[in-house]
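What follows is a set of notes on a single structure, which appears directly below.
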Amino acid sequence: MAVDVLLGLQWGDEGKGKIVDYLATAYDIVARFQGGPNAGHTLKFDGKKFVLHTVPSGIFRENIINLIGNGVVIDPITLANEIEGIRNMGVNFAERLLVARKAHLIIPTHRYLDAASENAKGHEKIGSTLKGIGPTYMDKTGRNGLRVGDLEQANFKEKYESLKNKHLNLLRMYPEVDFDLEAEEIKWFEAIKALKALKKVDGEYYINEAITNGRQILAEGAQGSMLDIDYGTYPYVTSSNTITAGVCTGLGIAPAQIGEVIGITKAYCTRVGSGPFPTELEDETGELLRKEGSEFGATTGRPRRCGWIDLPQLMYTIMLNGVSRLVVTKIDVLNNFSEIKAATHYRYNGETSKKLPYDICDIDIEPVYESFPGWQQSLDGISTYEELPEAVKSFLTTLEDQLKVPVTMISTGPERKKLILREVMEVMD
């Protein structure tokens with residue numbers, strides 16, 4: 001049985017949480033494979049809104065196992081708060097939320113380092129969420145990180161103090177920043193009690209045994225493909241592999257075990273933080289997109305940069321991920337626009353191209369747009385593709401023609417029920 005993958009194709013915030021929540025009923029296990037509490041997957045149902053940062057988005061579906069994989073970095077404070085919120089909603093998760101022992105821990109001095117490093121960059125800031133993600137992955141690759149499994153070892157406190165002291169020495173290189181380490185440590189050691197109470201597994205064995213036993217598995221990505229450490233807009237990227245390849249290292253499975261790859265894109269484009277954004281609209285249209293889409297970060301609250309959908313960018317991430325199905329979210333945000341645009345090409349260095357240049361961070365790119373008539377009506381109450389306005393269907397058809405991937409789901413709002421299926425989403429063997 002193959003592992004299906006669901007991930008974002010832009011710069012994050014594509015609406016992955018809602019889609020995972022919807023699809024989860026077709027699976028036995030939902031597994032996060034990378035990223036950390038800089039992710040914010042928003043779910044809205046029964047009149048309530050919940051934002052998940054570490055816990056997989058299948059947690060609100062009964063009888064579904066949720067695995068935090070070894071590729072994830074975990075802040076116990078964030079996780080403890082998340083668990084408390086889930087518990088307060090009456091969700092029974094004790095036997096359904098598992099943590100891989102090889103997942104790395106974010107300790108308070110990781111966040112301290114993150115804040116000091118970003119502050120020292122001045123105008124060259126990369127837009128870090130200051131959650132300690134980067135320093136934690138640096139310790140992971142530097143081979144001196146702290147892992148979930150270390151909580152079960154007799155020398156855990158000794159390992160913690162060693163890593164903390166390393167960080168304190170590094171902090172001497174940076175100007176002082178406001179960070180109450182003593183208070184944060186008190187919260188951290190209190191929070192690890194919640195982490196210790198969770199069921200811990202050897203993730204690679206657990207997931208491969210599940211595959212062998214015919215369990216249906218969905219791998220859930222965080223952030224977006226354009227933030228991939230290798231293939232994103234470096235250095236304005238996250239610290240992990242956000243593309244399909246990250247599933248193999250993040251869960252411990254072979255490439256041959258990958259099944260369907262479900263890619264998610266908004267009907268337009270957004271980005272949080274610094275870095276290139278070819279279709280960004282720094283005008284009234286961009287402000288209207290931000291207003292209509294409530295485009296403020298689920299984790300940071302920062303206003304998102306907004307622009308038209310970027311097809312060369314999507315072609316790039318579809319290629320990298322091997323996307324077989326496309327989900328278009330937030331199409332309702334475009335309801336009040338008389339004209340909608342999509343970038344079909346770029347102009348740079350005197351040429352027209354559909355390829356992203358190596359030096360995308362350093363050169364001027366001029367998007368070449370195709371215009372579409374807006375539908376200027378609400379999509380509330382529409383439950384089938386056939387009921388959609390012709391202008392919507394024309395826009396979606398163009399996306400399919402350009403991207404060479406079928407659009408199988410269209411989200412028309414944040415609620416669970418506001419989802420149009422063009423075909424039955426069946427898990428493929």
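Naming scheme: A, B, ... for chains in displayed order of the structure tokens; residues 1 onward per chain; ligands 1 onward as shown.
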**Backbone DSSP call of alpha helix (DSSP H) for segment 119-269 of chain A, listed as a PyMOL selection string** = chain A and resi 119-121+133-141+156-171+181-197+203-212+245-251
**Message:** With only C-alpha atoms as the counted atoms, please give the residues lying no more than 8 Å from segment 171-177 of chain A, apart from itself and same-chain residues fewer than 2 positions off, as JSON, numbers by chain.
**Reply:** {"A": [113, 115, 116, 117, 119, 120, 167, 168, 169, 179]}
Return as CSV the residues of segment 324-414 of chain A lying at most 10 Å from segment 19-27 of chain A, together with the closest atom-to-atom pair for each and the distance in Å to one decimal, counting only C-alpha atoms, with rows in chain order and ascending residue number.
```
residue,atom,partner,partner_atom,distance
A:Val327,CA,A:Ile19,CA,8.5
A:Thr329,CA,A:Ile19,CA,9.1
A:Met409,CA,A:Ile19,CA,9.1
A:Ile410,CA,A:Ile19,CA,10.0
A:Ser411,CA,A:Ile19,CA,8.6
A:Pro414,CA,A:Ile19,CA,9.9
```
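The neighbours of segment 60-73 of chain A here are the residues that come within 6 Å of it, using only C-alpha atoms and leaving out any residue fewer than 2 positions away in the same chain; they are Asp28, Ile29, Val30, Ala31, Arg32, Phe33, Gln34, Gly35, Gly36, Pro56, Gly58, Arg96, Leu97, Leu98, Val99, Ala100, Lys102, Ala103, His104, Leu105, Gly250 and Leu251 of chain A.
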Next, write the just-selected residues to a file, as an mmCIF file, in the first residue's frame, keeping C-alpha atoms as the atom set.
```
data_model
loop_
_atom_site.group_PDB
_atom_site.id
_atom_site.type_symbol
_atom_site.label_atom_id
_atom_site.label_comp_id
_atom_site.auth_asym_id
_atom_site.auth_seq_id
_atom_site.Cartn_x
_atom_site.Cartn_y
_atom_site.Cartn_z
ATOM 1 C CA ASP A 28 -5.912 5.096 8.737
ATOM 2 C CA ILE A 29 -2.881 7.283 9.500
ATOM 3 C CA VAL A 30 -2.045 10.949 8.894
ATOM 4 C CA ALA A 31 1.667 11.693 9.344
ATOM 5 C CA ARG A 32 3.494 15.050 9.459
ATOM 6 C CA PHE A 33 6.880 14.593 7.804
ATOM 7 C CA GLN A 34 8.747 17.911 8.280
ATOM 8 C CA GLY A 35 8.677 21.435 9.612
ATOM 9 C CA GLY A 36 7.885 22.753 13.044
ATOM 10 C CA PRO A 56 -1.319 16.448 12.148
ATOM 11 C CA GLY A 58 -6.363 14.389 11.032
ATOM 12 C CA ARG A 96 -4.204 8.333 18.425
ATOM 13 C CA LEU A 97 -1.368 10.857 18.696
ATOM 14 C CA LEU A 98 2.078 9.318 18.283
ATOM 15 C CA VAL A 99 5.532 10.912 18.222
ATOM 16 C CA ALA A 100 8.601 9.531 16.472
ATOM 17 C CA LYS A 102 13.943 10.611 16.256
ATOM 18 C CA ALA A 103 12.092 13.930 15.964
ATOM 19 C CA HIS A 104 14.303 16.759 17.229
ATOM 20 C CA LEU A 105 13.419 19.093 20.099
ATOM 21 C CA GLY A 250 10.902 12.652 7.163
ATOM 22 C CA LEU A 251 9.057 9.370 7.704
#
```
**Message:** Nearest residue to Glu282 of chain A out of A:Ile262, A:Ala154, A:Leu6, A:Cys306, using only C-alpha atoms?
**Reply:**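 For Glu282 of chain A, the nearest of the candidates is A:Cys306.
Running DSSP on the backbone and keeping only strand (DSSP E), the residues of segment 66-219 of chain A that qualify are Asn66, Leu67, Ile68, Val73, Ile74, Leu97, Leu98, Val99, Ala100, His104, Leu105, Lys199, Lys200, Val201, Ile217, Leu218 and Ala219 of chain A.
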If you keep N, CA and C atoms, can you produce a file of those selected residues as a short mmCIF file (atom, residue, chain, number, x, y, z; two decimals), in the first residue's frame?
```cif
data_model
loop_
_atom_site.label_atom_id
_atom_site.label_comp_id
_atom_site.auth_asym_id
_atom_site.auth_seq_id
_atom_site.Cartn_x
_atom_site.Cartn_y
_atom_site.Cartn_z
N ASN A 66 -2.55 9.72 14.25
CA ASN A 66 -1.80 10.90 13.81
C ASN A 66 -0.37 10.78 14.31
N LEU A 67 0.58 10.76 13.38
CA LEU A 67 1.98 10.58 13.70
C LEU A 67 2.78 11.85 13.43
N ILE A 68 3.51 12.31 14.44
CA ILE A 68 4.47 13.40 14.25
C ILE A 68 5.79 12.72 13.90
N VAL A 73 10.47 19.13 13.78
CA VAL A 73 11.12 19.64 14.99
C VAL A 73 10.03 20.16 15.92
N ILE A 74 10.13 19.79 17.19
CA ILE A 74 9.03 19.99 18.14
C ILE A 74 9.42 20.95 19.25
N LEU A 97 -2.43 9.89 19.00
CA LEU A 97 -1.37 10.86 18.70
C LEU A 97 -0.02 10.26 19.09
N LEU A 98 0.79 9.97 18.09
CA LEU A 98 2.08 9.32 18.28
C LEU A 98 3.21 10.26 17.88
N VAL A 99 4.36 10.08 18.52
CA VAL A 99 5.53 10.91 18.22
C VAL A 99 6.72 10.01 17.92
N ALA A 100 7.41 10.29 16.82
CA ALA A 100 8.60 9.53 16.47
C ALA A 100 9.76 9.92 17.40
N HIS A 104 13.44 15.89 16.42
CA HIS A 104 14.30 16.76 17.23
C HIS A 104 13.49 17.78 18.04
N LEU A 105 14.07 18.17 19.18
CA LEU A 105 13.42 19.09 20.10
C LEU A 105 13.96 20.51 19.94
N LYS A 199 2.39 8.75 23.36
CA LYS A 199 2.97 7.47 22.95
C LYS A 199 4.08 7.73 21.96
N LYS A 200 5.26 7.20 22.27
CA LYS A 200 6.42 7.39 21.39
C LYS A 200 6.72 6.09 20.63
N VAL A 201 7.08 6.24 19.36
CA VAL A 201 7.32 5.08 18.51
C VAL A 201 8.62 5.27 17.73
N ILE A 217 -2.24 5.50 4.32
CA ILE A 217 -1.44 6.54 4.98
C ILE A 217 -1.40 7.80 4.13
N LEU A 218 -1.59 8.94 4.79
CA LEU A 218 -1.48 10.25 4.13
C LEU A 218 -0.36 11.02 4.81
N ALA A 219 0.64 11.43 4.04
CA ALA A 219 1.73 12.26 4.55
C ALA A 219 1.37 13.72 4.37
#
```
**Who sits within 9 Å of Val3 of chain A, only C-alpha atoms, same chain under 2 positions skipped, as a list in words** =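 Here the qualifying residues turn out to be Met1, Val5, Ile211, Gln216, Ile217, Leu218, Ala219, Ile253, Gln257, Ile258, Gly259, Glu260 and Asp429 of chain A.
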Selection file, C-alpha atoms, as a PDB file, in the first residue's frame:
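Output below, filename result16.pdb:
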```pdb
ATOM      1  CA  MET A   1       0.000   0.000   0.000  1.00  0.00           C
ATOM      2  CA  VAL A   5       1.225  12.886  -0.076  1.00  0.00           C
ATOM      3  CA  ILE A 211       2.476  -0.093   4.861  1.00  0.00           C
ATOM      4  CA  GLN A 216      -3.910   3.713   4.253  1.00  0.00           C
ATOM      5  CA  ILE A 217      -1.439   6.541   4.976  1.00  0.00           C
ATOM      6  CA  LEU A 218      -1.483  10.245   4.135  1.00  0.00           C
ATOM      7  CA  ALA A 219       1.734  12.256   4.547  1.00  0.00           C
ATOM      8  CA  ILE A 253      10.117   5.258   3.695  1.00  0.00           C
ATOM      9  CA  GLN A 257       6.308   3.746  -1.516  1.00  0.00           C
ATOM     10  CA  ILE A 258       5.024   7.150  -2.690  1.00  0.00           C
ATOM     11  CA  GLY A 259       1.551   6.998  -4.252  1.00  0.00           C
ATOM     12  CA  GLU A 260      -0.690   9.913  -5.191  1.00  0.00           C
ATOM     13  CA  ASP A 429      -3.057   1.330  -4.304  1.00  0.00           C
TER      14      ASP A 429
END
```
Show me, as a compact mmCIF listing (two decimals) with C-alpha atoms, in the first residue's frame, the residues that have an atom within 12 Å of Ile186 of chain A when counting only C-alpha atoms, minus same-chain residues fewer than 4 positions from it.
```txt
# COMPACT_ATOMS: atom_id res chain seq x y z
CA PRO A 76 7.24 21.23 23.73
CA ILE A 77 5.67 24.53 24.84
CA ILE A 107 14.83 24.11 23.37
CA PRO A 108 14.53 27.70 24.67
CA ASP A 180 13.88 35.85 29.51
CA LEU A 181 15.70 32.52 29.39
CA GLU A 182 14.96 31.55 32.98
CA GLU A 190 6.73 21.98 32.53
CA ALA A 191 5.68 21.43 28.90
CA ILE A 192 7.78 18.32 28.38
CA LYS A 193 5.46 16.53 30.80
```
**Item:** Distance query Arg302 of chain A at most 12 Å, only C-alpha atoms, self and fewer than 6 positions along chain excluded, as a list of chain:residue names
**Value:** A:Gly127, A:Ser128, A:Thr129, A:Thr270, A:Arg271, A:Val272, A:Gly273, A:Ser274, A:Arg290, A:Ser294, A:Glu295, A:Phe296
Selected residues, N, CA and C atoms, written as a PDB file, in the first residue's frame, please.
```pdb
ATOM      1  N   GLY A 127      13.052  36.955   7.326  1.00  0.00           N
ATOM      2  CA  GLY A 127      11.651  36.827   7.684  1.00  0.00           C
ATOM      3  C   GLY A 127      11.365  35.618   8.554  1.00  0.00           C
ATOM      4  N   SER A 128      12.320  35.239   9.399  1.00  0.00           N
ATOM      5  CA  SER A 128      12.128  34.092  10.287  1.00  0.00           C
ATOM      6  C   SER A 128      10.929  34.305  11.192  1.00  0.00           C
ATOM      7  N   THR A 129      10.228  33.216  11.517  1.00  0.00           N
ATOM      8  CA  THR A 129       9.113  33.283  12.464  1.00  0.00           C
ATOM      9  C   THR A 129       9.601  33.315  13.908  1.00  0.00           C
ATOM     10  N   THR A 270       0.160  34.140  -2.229  1.00  0.00           N
ATOM     11  CA  THR A 270       0.562  34.939  -1.071  1.00  0.00           C
ATOM     12  C   THR A 270       1.945  34.499  -0.605  1.00  0.00           C
ATOM     13  N   ARG A 271       2.563  35.380   0.148  1.00  0.00           N
ATOM     14  CA  ARG A 271       3.843  35.050   0.784  1.00  0.00           C
ATOM     15  C   ARG A 271       3.969  35.850   2.077  1.00  0.00           C
ATOM     16  N   VAL A 272       4.530  35.208   3.112  1.00  0.00           N
ATOM     17  CA  VAL A 272       4.822  35.895   4.370  1.00  0.00           C
ATOM     18  C   VAL A 272       6.326  36.087   4.474  1.00  0.00           C
ATOM     19  N   GLY A 273       6.748  37.253   4.916  1.00  0.00           N
ATOM     20  CA  GLY A 273       8.167  37.494   5.127  1.00  0.00           C
ATOM     21  C   GLY A 273       8.877  37.974   3.871  1.00  0.00           C
ATOM     22  N   SER A 274      10.195  37.992   3.946  1.00  0.00           N
ATOM     23  CA  SER A 274      11.017  38.524   2.857  1.00  0.00           C
ATOM     24  C   SER A 274      11.199  37.504   1.736  1.00  0.00           C
ATOM     25  N   ARG A 290      -5.816  40.900   0.072  1.00  0.00           N
ATOM     26  CA  ARG A 290      -5.506  40.677   1.482  1.00  0.00           C
ATOM     27  C   ARG A 290      -6.771  40.803   2.331  1.00  0.00           C
ATOM     28  N   SER A 294      -8.596  37.603   4.072  1.00  0.00           N
ATOM     29  CA  SER A 294      -8.151  37.648   5.480  1.00  0.00           C
ATOM     30  C   SER A 294      -6.724  37.134   5.584  1.00  0.00           C
ATOM     31  N   GLU A 295      -5.850  37.698   4.778  1.00  0.00           N
ATOM     32  CA  GLU A 295      -4.497  37.180   4.644  1.00  0.00           C
ATOM     33  C   GLU A 295      -3.555  37.710   5.724  1.00  0.00           C
ATOM     34  N   PHE A 296      -3.649  37.048   6.855  1.00  0.00           N
ATOM     35  CA  PHE A 296      -2.759  37.321   7.974  1.00  0.00           C
ATOM     36  C   PHE A 296      -2.285  35.979   8.509  1.00  0.00           C
TER      37      PHE A 296
END
```
**Message:** For a quick check of understanding, using only C-alpha atoms, which of A:Gly381, A:Pro373, A:Gly297, A:Gly134 has the smallest distance to Asn336 of chain A?
**Reply:** A:Pro373
**Item:** Contacts of His345 of chain A at 8 Å (only C-alpha atoms; same-chain gap of 2+ positions) as a VMD selection string
**Value:** chain A and resid 311 to 312 343 347 352 to 354 367 to 369
Convert the current residue selection to file output with C-alpha atoms, as a short mmCIF file (atom, residue, chain, number, x, y, z; two decimals), in the first residue's frame.
```
data_model
loop_
_atom_site.label_atom_id
_atom_site.label_comp_id
_atom_site.auth_asym_id
_atom_site.auth_seq_id
_atom_site.Cartn_x
_atom_site.Cartn_y
_atom_site.Cartn_z
CA LEU A 311 1.78 29.52 -13.34
CA PRO A 312 5.54 29.27 -14.06
CA ALA A 343 1.03 34.99 -14.86
CA ARG A 347 10.42 38.32 -18.80
CA THR A 352 10.60 35.38 -22.15
CA SER A 353 10.54 32.11 -20.23
CA LYS A 354 8.39 29.77 -18.17
CA PRO A 367 5.32 38.64 -15.17
CA VAL A 368 3.39 38.24 -18.42
CA TYR A 369 -0.30 38.01 -17.56
#
```
**Request:** Figure out the distance between atom CA of Val51 of chain A and atom CA of Val392 of chain A, please, to one decimal in Å.
**Result:**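 Value for the atom CA of Val392 of chain A-atom CA of Val51 of chain A distance: 29.1 Å.
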